[in-house]
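*Asks:* This structure is in structure tokens; I'll ask about it shortly.
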Amino acid sequence: MSFEKFISEANEAVKFSLKKLEIKNETFNLTEPTREEFGDLSCNVAFLLTKQLQKSPHVIASMLVEQYHQFRKTDSNSQSYISSVVAHESGYINFEANLALIGEEVISHILKNDNLRVDIGKGKKVIIEHTSVNPNKALHVGHLRNVAIGDTIYRILRDTNHDVKVLNYVDDSGLQVADILVGFLFLKFPVTPPNNNIKFDTYCGNEIYVKVNDLYEKDPTLVEKRKLLLKKLEQGDPEIISFASEITSKVLKDQLRTCWRMKARYDLLNFESHIIISKLWEKTFERMRNENIIIKETEGENAGCWVFGSDVEGIKIIVRSDGTATYIAKDIPYALLKVGTLEDQFRYQVFLKQWDNTTLWSSTTDDLNEANQLNFFPAEDSITVIDNRQTRLQKIIKEILNKFESNSNRYMHLAYGPVLLSNRTAKDLGMESENQKSVQMSGRKGVFVDADFVLDTLYRKAREETIKRNPDITGKDLERTSEEIAISAMRYSLIKNDLDKELKFDMIDSLSLDGNSGPYLQYAYARCCRLIEKSNINSFSGDASLLSDPIEYRLIKHLSKYALSIEDTIKNMEPKLIALYAYELATMFNLFYEKLPILKESDVELSQARISLVEAIRKILKIFISFVGIIPLERM
RNA sequence: GGGCCCAUAGUUCAGUUUGGAUAGAAUGGCUGCCUGCGGAGCAGUUGGUCGAGGGUUCAAGUCCCUCUGGGCCCGCCA
């Protein structure tokens with residue numbers, strides 16, 4: 001795209017001038033200046049040469065710019081993306097872009113192409129695993145951050161020509177599942193919730209899980225019972241497995257309803273029980289022994305254990321002295337499957353149809369005759385979205401993969417900070433908070449905010465607003481619009497911040513539909529749509545060279561960077577960059593809308609040029625907000 | 001005890017990867033803008049010793065060191 005061409009031309013220009021002055025090649029930076037009056041690109045090369053040349057930055061900059069101007073004189077007939085170069089007294093060399101030229105290229109490129117896909121992946125196969133919530137409770141807002149990050153990355157990769165498969169790992173045989181089994185089997189909780197209105201996942205998480213954990217302290221025999229159940233689960237006791245499977249699949253289906261509500265989708269569910277049954281762990285264990293990746297300790301405190309000597313983390317026990325696998329061990333076969341060190345021997349069956357009509361598959365241990373050997377594994381790259389408390393373990397897993405065939409760079413842990421409840425929200429929910437700024441959530445203690453509860457509250461708020469603004473909207477339209485505004489508000493608020501940082505969740509702030517929010521972006525999009533609709537134009541042939549207002553230039557410049565923004569997002573795995581780009585575009589558009597007449601412009605040609613600009617903005621905005629999971633609404 | 005992350009306006013956050021020009025948004029408070037293309041908008045105003053101290057540099061919110069405060073991880077738990 002054109003802005004890249006501008007950058008590379010500026011880069012060439014500086015290099016050319018340096019060469020002319022016989023200055024040895026310095027590495028310099030071209031960055032976007034802090035203020036608009038300094039142009040569109042600044043070069044710091046003069047600062048770097050002060051020592052070498054014993055001259056002030058401004059003098060050096062002037063010398064270089066002089067060279068460029070002489071060159072341009074001899075080459076004045078070729079078209080340039082640079083419209084001016086100035087040596088600023090500060091020492092910067094400031095480039096101004098030829099926005100008339102860039103505008104024409106960019107607008108016509110956007111308008112002419114139905115498919116604005118940036119081909120970054122070139123068909124590369126990528127696996128992304130996200131959500132992976134234990135199937136014993138309903139999702140809380142913390143899980144939603146995982147879903148939003150994972151699904152956003154999925155959407156971006158998919159639309160940049162990656163062959164993406166989305167995985168959701170279901171730990172259906174772990175401790176947390178054993179906890180609720182204790183509730184059903186020993187505390188006699190009915191399998192059908194007494195209250196018909198409660199979702200099954202909420203019932204398990206809010207009533208059984210919390211209650212059981214509460215009772216462990218009072219009744220130690222219950223802990224023993226759980227231990228027994230866990231052992232049976234891990235060893236594949238048919239009766240327990242079958243009961244557990246009945247419970248977990250009911251919970252899972254309810255959890256998926258919440259994820260689908262968030263407009264996430266998946267390709268494959270992998271059950272831990274299937275990994276156990278298929279003996280994948282045994283195979284992994286054998287290979288690790290054979291290849292001397294793990295060794296058996298014969299003396300000391302870890303005598304009898306199989307351990308992995310990590311370079312960074314020291315000795316890590318993989319198999320206990322009683323022969324059972326530790327927590328980290330269970331993740332190894334799955335990771336090996338992803339990168340292809342272990343062969344995929346699973347069969348697959350249809351689990352459910354999803355909201356977007358795609359098929360959700362699941363691994364199966366049933367011996368099916370149908371040809372359901374799908375190619376989910378392996379992938380060239382695999383991304384696992386897990387919160388940053390697992391960073392240490394994930395590092396070790398990478399190290400172990402590396403021992404197999406140095407392919408650990410194909411396995412990436414995408415870490416993010418946990419979601420905390422703001423002091424205010426914690427208080428509102430009746431949770432104690434001793435003057436802290438925020439409160440950790442805990443499913444076990446019942447300190448969390450249910451995801452559907454938040455979405456329902458957001459929905460009611462959006463509905464209120466929608467009715468206020470559109471008195472004529474009713475029924476299904478009203479419901480759909482309100483829901484889509486609610487989801488968009490939620491997804492945007494989960495994605496717009498830095499992944500590293502903890503996310504403070506405040507119920508009242510998250511209900512805001514103004515300012516830097518999902519609905520703000522939807523509103524800008526809806527405005528674009530209305531303008532296009534009212535203009536009655538369906539072929540856009542406006543002359544972009546007529547657009548010369550600074551506001552229009554800013555829009556053109558921003559539009560010309562859309563591909564760069566997508567590349568940056570993928571390179572750095574920073575979904576917030578997409579959110580930021582979309583927000584800036586919407587802000588610029590709103591200003592444009594406010595200050596310059598579009599349909600009302602009396603100069604017909606200028607009006608058409610502006611309508612074309614609006615259409616270009618609309619197309620790009622749609623792509624970007626859709627990445628984040630914001631639903632583009634033509635009216636709201 | 002060891003390791004990782006964080007600290008910027010009353011509040012929630014950008015900006016730190018790659019040092020650069022007057023540190024930006026949003027929100028809150030105050031004030032303007034619809035007989036104008038949709039006011040979920042736009043504009044103005046208020047609000048900052050960038051946690052503290054030292055160092056490197058022509059130049060530090062950004063790099064280095066020390067310290068303080070907060071969080072997380074470090075089990076033959078999961």
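Ligands are numbered from 1 in the order shown, chains are lettered A, B, ... in the order of the structure tokens, and residues start at 1 in each chain.
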Residues of chain B within 12 Å of chain A, using only C-alpha atoms (C1' of nucleotides), as a tab-separated table (two decimals) with N, CA, C and O atoms (P, O5', C5', C4', C3', O3' and C1' of nucleotides), in the first residue's frame?
*Replies:*
chain	number	residue	atom	x	y	z
B	2	G	P	17.06	-13.42	46.91
B	2	G	O5'	16.68	-14.39	45.70
B	2	G	C5'	17.67	-15.23	45.12
B	2	G	C4'	17.02	-16.12	44.08
B	2	G	C3'	16.31	-15.38	42.96
B	2	G	O3'	17.20	-14.93	41.95
B	2	G	C1'	14.89	-17.07	43.77
B	3	G	P	16.86	-13.51	41.21
B	3	G	O5'	15.68	-13.91	40.23
B	3	G	C5'	15.91	-14.82	39.16
B	3	G	C4'	14.61	-15.24	38.53
B	3	G	C3'	13.78	-14.11	37.93
B	3	G	O3'	14.25	-13.70	36.66
B	3	G	C1'	12.38	-15.53	39.19
B	4	C	P	14.02	-12.16	36.21
B	4	C	O5'	12.47	-12.14	35.81
B	4	C	C5'	12.01	-12.87	34.69
B	4	C	C4'	10.50	-12.87	34.64
B	4	C	C3'	9.85	-11.49	34.54
B	4	C	O3'	9.88	-10.95	33.24
B	4	C	C1'	8.73	-12.76	36.17
B	5	C	P	9.96	-9.34	33.10
B	5	C	O5'	8.48	-8.88	33.51
B	5	C	C5'	7.37	-9.26	32.70
B	5	C	C4'	6.08	-8.86	33.38
B	5	C	C3'	5.92	-7.38	33.67
B	5	C	O3'	5.56	-6.64	32.53
B	5	C	C1'	5.25	-8.61	35.56
B	6	C	P	6.02	-5.09	32.44
B	6	C	O5'	5.09	-4.40	33.54
B	6	C	C5'	3.70	-4.23	33.29
B	6	C	C4'	3.00	-3.78	34.54
B	6	C	C3'	3.33	-2.37	35.01
B	6	C	O3'	2.62	-1.40	34.29
B	6	C	C1'	3.35	-3.85	36.85
B	7	A	P	3.32	0.07	34.10
B	7	A	O5'	3.03	0.72	35.53
B	7	A	C5'	1.70	0.96	35.95
B	7	A	C4'	1.71	1.62	37.32
B	7	A	C3'	2.28	3.04	37.31
B	7	A	O3'	1.56	3.85	38.23
B	7	A	C1'	3.54	1.67	38.76
B	11	U	P	-6.58	8.46	41.13
B	11	U	O5'	-7.80	7.82	40.33
B	11	U	C5'	-8.80	7.08	41.01
B	11	U	C4'	-9.76	6.48	40.00
B	11	U	C3'	-9.09	5.61	38.95
B	11	U	O3'	-8.94	4.28	39.40
B	11	U	C1'	-10.51	7.17	37.87
B	12	U	P	-7.78	3.36	38.80
B	12	U	O5'	-8.29	3.11	37.31
B	12	U	C5'	-9.41	2.28	37.08
B	12	U	C4'	-9.64	2.14	35.59
B	12	U	C3'	-8.41	1.75	34.78
B	12	U	O3'	-8.14	0.36	34.86
B	12	U	C1'	-9.51	3.54	33.70
B	13	C	P	-6.69	-0.16	34.54
B	13	C	O5'	-6.57	0.27	33.02
B	13	C	C5'	-5.34	0.58	32.43
B	13	C	C4'	-5.63	1.20	31.10
B	13	C	C3'	-4.43	1.41	30.19
B	13	C	O3'	-4.14	0.21	29.50
B	13	C	C1'	-5.73	3.38	30.23
B	14	A	P	-2.67	0.00	28.92
B	14	A	O5'	-2.81	0.81	27.57
B	14	A	C5'	-1.91	1.82	27.29
B	14	A	C4'	-2.22	2.41	25.96
B	14	A	C3'	-0.96	2.78	25.20
B	14	A	O3'	-0.55	1.72	24.37
B	14	A	C1'	-2.32	4.69	25.44
B	15	G	P	0.94	1.13	24.52
B	15	G	O5'	1.85	2.41	24.26
B	15	G	C5'	1.86	3.04	23.00
B	15	G	C4'	2.57	4.36	23.09
B	15	G	C3'	3.99	4.31	23.64
B	15	G	O3'	4.91	3.98	22.62
B	15	G	C1'	2.79	6.05	24.71
B	17	U	P	11.62	1.56	23.57
B	17	U	O5'	11.40	0.07	23.07
B	17	U	C5'	11.94	-1.02	23.80
B	17	U	C4'	11.53	-2.31	23.17
B	17	U	C3'	12.14	-2.59	21.80
B	17	U	O3'	13.45	-3.13	21.95
B	17	U	C1'	9.83	-3.06	21.74
B	18	U	P	14.48	-2.94	20.77
B	18	U	O5'	14.66	-1.38	20.62
B	18	U	C5'	15.79	-0.86	19.92
B	18	U	C4'	15.40	0.40	19.20
B	18	U	C3'	14.64	1.41	20.05
B	18	U	O3'	15.08	2.72	19.72
B	18	U	C1'	13.39	0.90	18.11
B	19	G	P	16.13	3.49	20.59
B	19	G	O5'	15.26	4.64	21.24
B	19	G	C5'	14.28	4.37	22.22
B	19	G	C4'	13.94	5.66	22.93
B	19	G	C3'	13.75	6.84	22.00
B	19	G	O3'	12.77	7.69	22.56
B	19	G	C1'	15.56	7.24	23.45
B	20	G	P	11.72	8.42	21.59
B	20	G	O5'	12.35	9.85	21.32
B	20	G	C5'	12.55	10.77	22.40
B	20	G	C4'	12.75	12.16	21.89
B	20	G	C3'	11.86	12.52	20.71
B	20	G	O3'	11.47	13.88	20.85
B	20	G	C1'	14.15	12.76	20.10
B	21	A	P	10.21	14.16	21.83
B	21	A	O5'	10.11	15.73	21.65
B	21	A	C5'	11.13	16.58	22.16
B	21	A	C4'	11.02	17.91	21.44
B	21	A	C3'	9.62	18.51	21.47
B	21	A	O3'	9.72	19.91	21.60
B	21	A	C1'	10.31	18.14	19.21
B	22	U	P	9.81	20.56	23.06
B	22	U	O5'	8.37	20.32	23.72
B	22	U	C5'	8.19	20.61	25.10
B	22	U	C4'	6.72	20.68	25.42
B	22	U	C3'	5.92	19.41	25.11
B	22	U	O3'	4.89	19.28	26.09
B	22	U	C1'	5.02	21.23	23.90
B	23	A	P	5.02	18.25	27.27
B	23	A	O5'	4.01	17.08	26.84
B	23	A	C5'	4.23	16.35	25.65
B	23	A	C4'	3.74	14.94	25.83
B	23	A	C3'	2.27	14.82	26.22
B	23	A	O3'	1.46	14.81	25.07
B	23	A	C1'	3.58	13.43	27.61
B	24	G	P	0.88	16.16	24.52
B	24	G	O5'	-0.33	15.64	23.63
B	24	G	C5'	-1.49	15.23	24.28
B	24	G	C4'	-1.88	13.88	23.77
B	24	G	C3'	-3.33	13.55	24.06
B	24	G	O3'	-4.15	14.05	23.03
B	24	G	C1'	-1.95	11.76	24.74
B	25	A	P	-5.54	14.68	23.39
B	25	A	O5'	-6.51	13.45	23.11
B	25	A	C5'	-6.97	12.72	24.18
B	25	A	C4'	-7.42	11.38	23.75
B	25	A	C3'	-8.73	10.99	24.41
B	25	A	O3'	-9.82	11.31	23.59
B	25	A	C1'	-7.07	9.40	24.96
B	26	A	P	-11.06	12.07	24.21
B	26	A	O5'	-11.70	10.92	25.09
B	26	A	C5'	-12.22	9.75	24.46
B	26	A	C4'	-12.46	8.69	25.50
B	26	A	C3'	-13.34	9.12	26.67
B	26	A	O3'	-14.71	9.03	26.33
B	26	A	C1'	-11.42	8.04	27.49
B	27	U	P	-15.74	10.11	26.87
B	27	U	O5'	-15.77	9.78	28.42
B	27	U	C5'	-16.29	8.54	28.89
B	27	U	C4'	-15.99	8.36	30.36
B	27	U	C3'	-16.45	9.50	31.26
B	27	U	O3'	-17.82	9.39	31.58
B	27	U	C1'	-14.22	8.96	31.78
B	28	G	P	-18.69	10.71	31.70
B	28	G	O5'	-18.23	11.31	33.10
B	28	G	C5'	-18.37	10.55	34.29
B	28	G	C4'	-17.68	11.25	35.43
B	28	G	C3'	-18.00	12.73	35.54
B	28	G	O3'	-19.24	12.96	36.18
B	28	G	C1'	-15.67	12.41	35.75
B	33	C	P	-25.18	26.70	22.75
B	33	C	O5'	-24.90	25.79	21.47
B	33	C	C5'	-24.13	26.34	20.40
B	33	C	C4'	-23.71	25.24	19.46
B	33	C	C3'	-24.81	24.32	18.96
B	33	C	O3'	-25.56	24.93	17.93
B	33	C	C1'	-22.90	23.05	19.52
B	34	C	P	-27.13	25.04	18.08
B	34	C	O5'	-27.58	23.58	17.64
B	34	C	C5'	-28.95	23.32	17.48
B	34	C	C4'	-29.15	22.23	16.46
B	34	C	C3'	-30.59	21.89	16.20
B	34	C	O3'	-31.15	22.73	15.20
B	34	C	C1'	-29.29	19.92	16.48
B	36	G	P	-32.86	21.30	10.77
B	36	G	O5'	-31.48	20.89	11.50
B	36	G	C5'	-30.85	19.71	11.09
B	36	G	C4'	-30.19	19.93	9.75
B	36	G	C3'	-28.97	19.06	9.49
B	36	G	O3'	-28.92	18.72	8.13
B	36	G	C1'	-28.35	21.35	9.43
B	37	C	P	-29.75	17.43	7.79
B	37	C	O5'	-28.57	16.48	7.28
B	37	C	C5'	-28.81	15.68	6.13
B	37	C	C4'	-27.95	14.43	6.21
B	37	C	C3'	-27.92	13.82	7.62
B	37	C	O3'	-28.44	12.52	7.58
B	37	C	C1'	-25.70	14.17	6.74
B	38	G	P	-28.61	11.51	8.71
B	38	G	O5'	-28.02	12.05	10.10
B	38	G	C5'	-28.63	13.00	10.89
B	38	G	C4'	-28.63	12.50	12.33
B	38	G	C3'	-27.24	12.40	12.96
B	38	G	O3'	-27.31	12.88	14.30
B	38	G	C1'	-28.36	10.33	13.15
B	39	G	P	-26.24	13.95	14.82
B	39	G	O5'	-26.12	13.68	16.39
B	39	G	C5'	-25.38	12.56	16.85
B	39	G	C4'	-25.54	12.44	18.35
B	39	G	C3'	-26.97	12.25	18.80
B	39	G	O3'	-27.00	11.51	20.00
B	39	G	C1'	-26.14	14.24	19.70
B	40	A	P	-27.04	9.88	19.90
B	40	A	O5'	-25.57	9.50	20.34
B	40	A	C5'	-25.11	9.76	21.64
B	40	A	C4'	-24.14	8.68	22.06
B	40	A	C3'	-23.03	8.45	21.05
B	40	A	O3'	-21.85	8.04	21.74
B	40	A	C1'	-24.27	6.47	21.29
B	41	G	P	-20.72	9.20	22.04
B	41	G	O5'	-20.78	10.09	20.72
B	41	G	C5'	-20.24	9.60	19.50
B	41	G	C4'	-20.32	10.67	18.46
B	41	G	C3'	-19.42	11.87	18.70
B	41	G	O3'	-18.11	11.63	18.23
B	41	G	C1'	-21.60	12.63	18.23
B	42	C	P	-16.86	12.23	18.95
B	42	C	O5'	-16.97	13.76	18.55
B	42	C	C5'	-16.75	14.16	17.21
B	42	C	C4'	-16.92	15.64	17.09
B	42	C	C3'	-16.07	16.48	18.02
B	42	C	O3'	-14.75	16.61	17.58
B	42	C	C1'	-18.28	17.29	18.06
B	43	A	P	-13.57	16.79	18.65
B	43	A	O5'	-13.81	18.29	19.14
B	43	A	C5'	-13.59	19.37	18.24
B	43	A	C4'	-14.01	20.66	18.88
B	43	A	C3'	-13.31	21.00	20.18
B	43	A	O3'	-12.01	21.52	19.98
B	43	A	C1'	-15.62	21.40	20.41
B	57	U	P	28.02	9.60	29.00
B	57	U	O5'	26.92	10.03	27.95
B	57	U	C5'	26.75	9.32	26.73
B	57	U	C4'	25.54	9.81	26.01
B	57	U	C3'	25.46	11.32	25.82
B	57	U	O3'	26.25	11.76	24.73
B	57	U	C1'	23.37	10.49	26.55
B	58	C	P	27.05	13.17	24.87
B	58	C	O5'	25.89	14.26	24.78
B	58	C	C5'	26.15	15.61	25.16
B	58	C	C4'	25.01	16.47	24.70
B	58	C	C3'	23.63	16.00	25.14
B	58	C	O3'	23.31	16.45	26.44
B	58	C	C1'	23.60	16.47	22.82
B	59	A	P	22.67	15.47	27.50
B	59	A	O5'	21.25	15.20	26.83
B	59	A	C5'	20.27	16.24	26.83
B	59	A	C4'	19.03	15.79	26.12
B	59	A	C3'	18.38	14.53	26.70
B	59	A	O3'	17.53	14.86	27.78
B	59	A	C1'	18.55	14.34	24.34
B	70	G	P	2.67	-3.29	49.51
B	70	G	O5'	2.03	-3.70	48.11
B	70	G	C5'	0.73	-3.24	47.77
B	70	G	C4'	0.40	-3.59	46.34
B	70	G	C3'	0.43	-5.07	45.99
B	70	G	O3'	-0.68	-5.80	46.47
B	70	G	C1'	1.48	-3.84	44.27
B	71	G	P	-0.49	-7.34	46.86
B	71	G	O5'	-0.44	-8.05	45.44
B	71	G	C5'	-1.56	-7.98	44.58
B	71	G	C4'	-1.19	-8.49	43.20
B	71	G	C3'	-0.69	-9.93	43.14
B	71	G	O3'	-1.73	-10.89	43.26
B	71	G	C1'	0.65	-8.56	41.77
B	72	C	P	-1.42	-12.28	43.96
B	72	C	O5'	-0.63	-13.06	42.82
B	72	C	C5'	-1.29	-13.35	41.59
B	72	C	C4'	-0.28	-13.80	40.56
B	72	C	C3'	0.50	-15.06	40.91
B	72	C	O3'	-0.25	-16.23	40.68
B	72	C	C1'	1.98	-13.42	40.08
B	73	C	P	0.01	-17.50	41.59
B	73	C	O5'	1.40	-18.04	41.01
B	73	C	C5'	1.48	-18.54	39.69
B	73	C	C4'	2.91	-18.80	39.32
B	73	C	C3'	3.65	-19.78	40.22
B	73	C	O3'	3.33	-21.12	39.90
B	73	C	C1'	5.01	-17.90	39.84
B	74	C	P	3.32	-22.19	41.09
B	74	C	O5'	4.86	-22.33	41.45
B	74	C	C5'	5.77	-22.92	40.54
B	74	C	C4'	7.17	-22.85	41.08
B	74	C	C3'	7.39	-23.45	42.45
B	74	C	O3'	7.50	-24.87	42.39
B	74	C	C1'	8.50	-21.38	42.32
B	75	G	P	6.35	-25.70	43.09
B	75	G	O5'	7.01	-27.13	43.27
B	75	G	C5'	7.77	-27.46	44.39
B	75	G	C4'	7.08	-28.54	45.22
B	75	G	C3'	6.56	-29.71	44.39
B	75	G	O3'	6.80	-30.92	45.11
B	75	G	C1'	4.79	-28.76	45.64
B	76	C	P	7.98	-31.82	44.74
B	76	C	O5'	7.23	-33.14	44.28
B	76	C	C5'	6.29	-33.10	43.23
B	76	C	C4'	5.38	-34.31	43.32
B	76	C	C3'	4.59	-34.37	44.61
B	76	C	O3'	3.32	-34.94	44.33
B	76	C	C1'	5.93	-36.30	44.41
B	77	C	P	2.08	-34.40	45.24
B	77	C	O5'	1.85	-32.91	44.79
B	77	C	C5'	1.13	-32.61	43.63
B	77	C	C4'	-0.28	-32.23	44.01
B	77	C	C3'	-1.22	-32.06	42.85
B	77	C	O3'	-1.73	-33.31	42.45
B	77	C	C1'	-1.44	-30.23	44.35
B	78	A	P	-1.66	-33.69	40.93
B	78	A	O5'	-2.75	-32.74	40.29
B	78	A	C5'	-4.12	-32.86	40.64
B	78	A	C4'	-4.85	-31.65	40.11
B	78	A	C3'	-4.66	-31.40	38.63
B	78	A	O3'	-5.56	-32.14	37.84
B	78	A	C1'	-4.25	-29.40	39.83
*Asks:* Report the residues of range 73-160 of chain A whose backbone DSSP state falls under helix (DSSP H, G or I), written as a compact mmCIF listing (two decimals) with N, CA, C and O atoms, in the first residue's frame.
*Replies:*
# COMPACT_ATOMS: atom_id res chain seq x y z
N LYS A 73 15.74 17.76 -8.64
CA LYS A 73 15.74 18.68 -9.79
C LYS A 73 16.06 17.93 -11.07
O LYS A 73 15.46 18.13 -12.10
N THR A 74 17.03 17.03 -10.97
CA THR A 74 17.41 16.29 -12.16
C THR A 74 16.41 15.20 -12.49
O THR A 74 16.42 14.63 -13.57
N LEU A 99 -0.01 13.39 -0.26
CA LEU A 99 -1.27 12.75 0.11
C LEU A 99 -2.30 12.77 -1.02
O LEU A 99 -3.22 11.97 -1.03
N ALA A 100 -2.11 13.67 -1.96
CA ALA A 100 -3.01 13.65 -3.12
C ALA A 100 -2.81 12.35 -3.89
O ALA A 100 -3.77 11.65 -4.23
N LEU A 101 -1.54 12.03 -4.13
CA LEU A 101 -1.22 10.80 -4.85
C LEU A 101 -1.62 9.57 -4.03
O LEU A 101 -2.28 8.64 -4.52
N ILE A 102 -1.23 9.58 -2.76
CA ILE A 102 -1.54 8.45 -1.89
C ILE A 102 -3.06 8.27 -1.80
O ILE A 102 -3.58 7.16 -1.88
N GLY A 103 -3.76 9.39 -1.67
CA GLY A 103 -5.21 9.34 -1.56
C GLY A 103 -5.84 8.65 -2.76
O GLY A 103 -6.68 7.77 -2.60
N GLU A 104 -5.42 9.05 -3.94
CA GLU A 104 -6.01 8.43 -5.14
C GLU A 104 -5.76 6.93 -5.16
O GLU A 104 -6.65 6.14 -5.45
N GLU A 105 -4.52 6.55 -4.85
CA GLU A 105 -4.19 5.12 -4.87
C GLU A 105 -4.98 4.35 -3.83
O GLU A 105 -5.54 3.29 -4.11
N VAL A 106 -4.98 4.89 -2.63
CA VAL A 106 -5.58 4.17 -1.52
C VAL A 106 -7.09 4.03 -1.69
O VAL A 106 -7.66 2.94 -1.56
N ILE A 107 -7.73 5.15 -2.00
CA ILE A 107 -9.19 5.11 -2.12
C ILE A 107 -9.60 4.17 -3.25
O ILE A 107 -10.49 3.34 -3.08
N SER A 108 -8.91 4.27 -4.39
CA SER A 108 -9.35 3.41 -5.48
C SER A 108 -9.03 1.95 -5.17
O SER A 108 -9.79 1.06 -5.52
N HIS A 109 -7.93 1.72 -4.50
CA HIS A 109 -7.61 0.34 -4.10
C HIS A 109 -8.71 -0.24 -3.19
O HIS A 109 -9.17 -1.36 -3.39
N ILE A 110 -9.11 0.55 -2.23
CA ILE A 110 -10.11 0.06 -1.28
C ILE A 110 -11.47 -0.12 -1.96
O ILE A 110 -12.17 -1.11 -1.74
N LEU A 111 -11.82 0.83 -2.80
CA LEU A 111 -13.14 0.76 -3.43
C LEU A 111 -13.23 -0.34 -4.48
O LEU A 111 -14.27 -0.96 -4.64
N LYS A 112 -12.13 -0.56 -5.19
CA LYS A 112 -12.20 -1.51 -6.31
C LYS A 112 -12.15 -2.96 -5.85
O LYS A 112 -12.66 -3.85 -6.53
N VAL A 141 -16.11 -13.45 34.10
CA VAL A 141 -15.54 -12.44 33.19
C VAL A 141 -14.06 -12.69 32.89
O VAL A 141 -13.58 -12.31 31.83
N GLY A 142 -13.35 -13.33 33.82
CA GLY A 142 -11.95 -13.66 33.57
C GLY A 142 -11.80 -14.57 32.36
O GLY A 142 -10.93 -14.37 31.51
N HIS A 143 -12.68 -15.56 32.25
CA HIS A 143 -12.62 -16.46 31.09
C HIS A 143 -12.92 -15.72 29.80
O HIS A 143 -12.39 -16.06 28.75
N LEU A 144 -13.78 -14.71 29.92
CA LEU A 144 -14.15 -13.99 28.69
C LEU A 144 -12.95 -13.29 28.07
O LEU A 144 -12.89 -13.11 26.87
N ARG A 145 -12.00 -12.88 28.91
CA ARG A 145 -10.81 -12.24 28.34
C ARG A 145 -10.07 -13.24 27.46
O ARG A 145 -9.60 -12.90 26.37
N ASN A 146 -9.97 -14.45 27.94
CA ASN A 146 -9.32 -15.49 27.15
C ASN A 146 -10.05 -15.72 25.82
O ASN A 146 -9.44 -15.75 24.75
N VAL A 147 -11.37 -15.83 25.90
CA VAL A 147 -12.18 -16.06 24.71
C VAL A 147 -12.00 -14.91 23.71
O VAL A 147 -11.79 -15.13 22.52
N ALA A 148 -12.05 -13.67 24.23
CA ALA A 148 -11.99 -12.51 23.35
C ALA A 148 -10.62 -12.41 22.67
O ALA A 148 -10.53 -12.14 21.46
N ILE A 149 -9.56 -12.65 23.43
CA ILE A 149 -8.22 -12.60 22.85
C ILE A 149 -8.05 -13.70 21.81
O ILE A 149 -7.64 -13.45 20.68
N GLY A 150 -8.41 -14.90 22.19
CA GLY A 150 -8.25 -16.04 21.29
C GLY A 150 -9.04 -15.87 20.01
O GLY A 150 -8.52 -16.06 18.91
N ASP A 151 -10.28 -15.47 20.15
CA ASP A 151 -11.13 -15.36 18.96
C ASP A 151 -10.70 -14.20 18.07
O ASP A 151 -10.80 -14.28 16.85
N THR A 152 -10.20 -13.14 18.67
CA THR A 152 -9.72 -12.01 17.87
C THR A 152 -8.49 -12.41 17.06
O THR A 152 -8.41 -12.14 15.85
N ILE A 153 -7.55 -13.08 17.71
CA ILE A 153 -6.37 -13.56 16.98
C ILE A 153 -6.80 -14.51 15.86
O ILE A 153 -6.30 -14.43 14.73
N TYR A 154 -7.73 -15.39 16.19
CA TYR A 154 -8.24 -16.31 15.17
C TYR A 154 -8.76 -15.55 13.95
O TYR A 154 -8.44 -15.85 12.81
N ARG A 155 -9.59 -14.55 14.20
CA ARG A 155 -10.20 -13.80 13.09
C ARG A 155 -9.15 -13.09 12.25
O ARG A 155 -9.25 -13.04 11.01
N ILE A 156 -8.16 -12.52 12.92
CA ILE A 156 -7.12 -11.80 12.17
C ILE A 156 -6.31 -12.77 11.32
O ILE A 156 -6.04 -12.51 10.15
N LEU A 157 -5.94 -13.88 11.91
CA LEU A 157 -5.15 -14.87 11.17
C LEU A 157 -5.95 -15.43 9.99
O LEU A 157 -5.45 -15.55 8.88
N ARG A 158 -7.20 -15.74 10.26
CA ARG A 158 -8.06 -16.29 9.20
C ARG A 158 -8.14 -15.34 8.01
O ARG A 158 -8.02 -15.75 6.86
*Asks:* For Pro632 in chain A, which residue among A:Ile294, A:Val212, A:Ile611, A:Cys529 is the nearest when counting only C-alpha atoms?
*Replies:* A:Cys529
*Asks:* Output as a PyMOL selection string all residues of range 317-566 of chain A that backbone DSSP marks as strand (DSSP E).
*Replies:* chain A and resi 317-319+347-353+359-364+381-387+411-416+419-422+438-440+503-505
*Asks:* Compile the contact shell of Leu458 in chain A as number ranges by chain: residues with an atom at most 9 Å away, counting only C-alpha atoms (C1' of nucleotides), same-chain residues fewer than 3 positions apart removed.
*Replies:* A: 453-455, 461-463, 482-483, 485-487, 489-490, 510-512
*Asks:* So how far away is CA of Glu32 in chain A from CA of Arg554 in chain A, in Å?
*Replies:*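 Here the two named atoms are 12.9 Å from each other.
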*Asks:* Ranking A:Glu129, A:Ser249, A:Thr160, A:Ile82 by minimum distance to Leu414 in chain A and counting only C-alpha atoms, which one comes first?
*Replies:*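 Nearest to Leu414 in chain A: A:Glu129.
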*Asks:* Distance CA of Glu272 in chain A-CA of Glu234 in chain A, one decimal place?
*Replies:*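 Going from CA of Glu272 in chain A over to CA of Glu234 in chain A, I get 9.4 Å.
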*Asks:* Smallest atom-to-atom distance to G47 in chain B: which of B:G61, B:G10, B:G69, B:G32, using only C-alpha atoms (C1' of nucleotides)?
*Replies:* B:G10
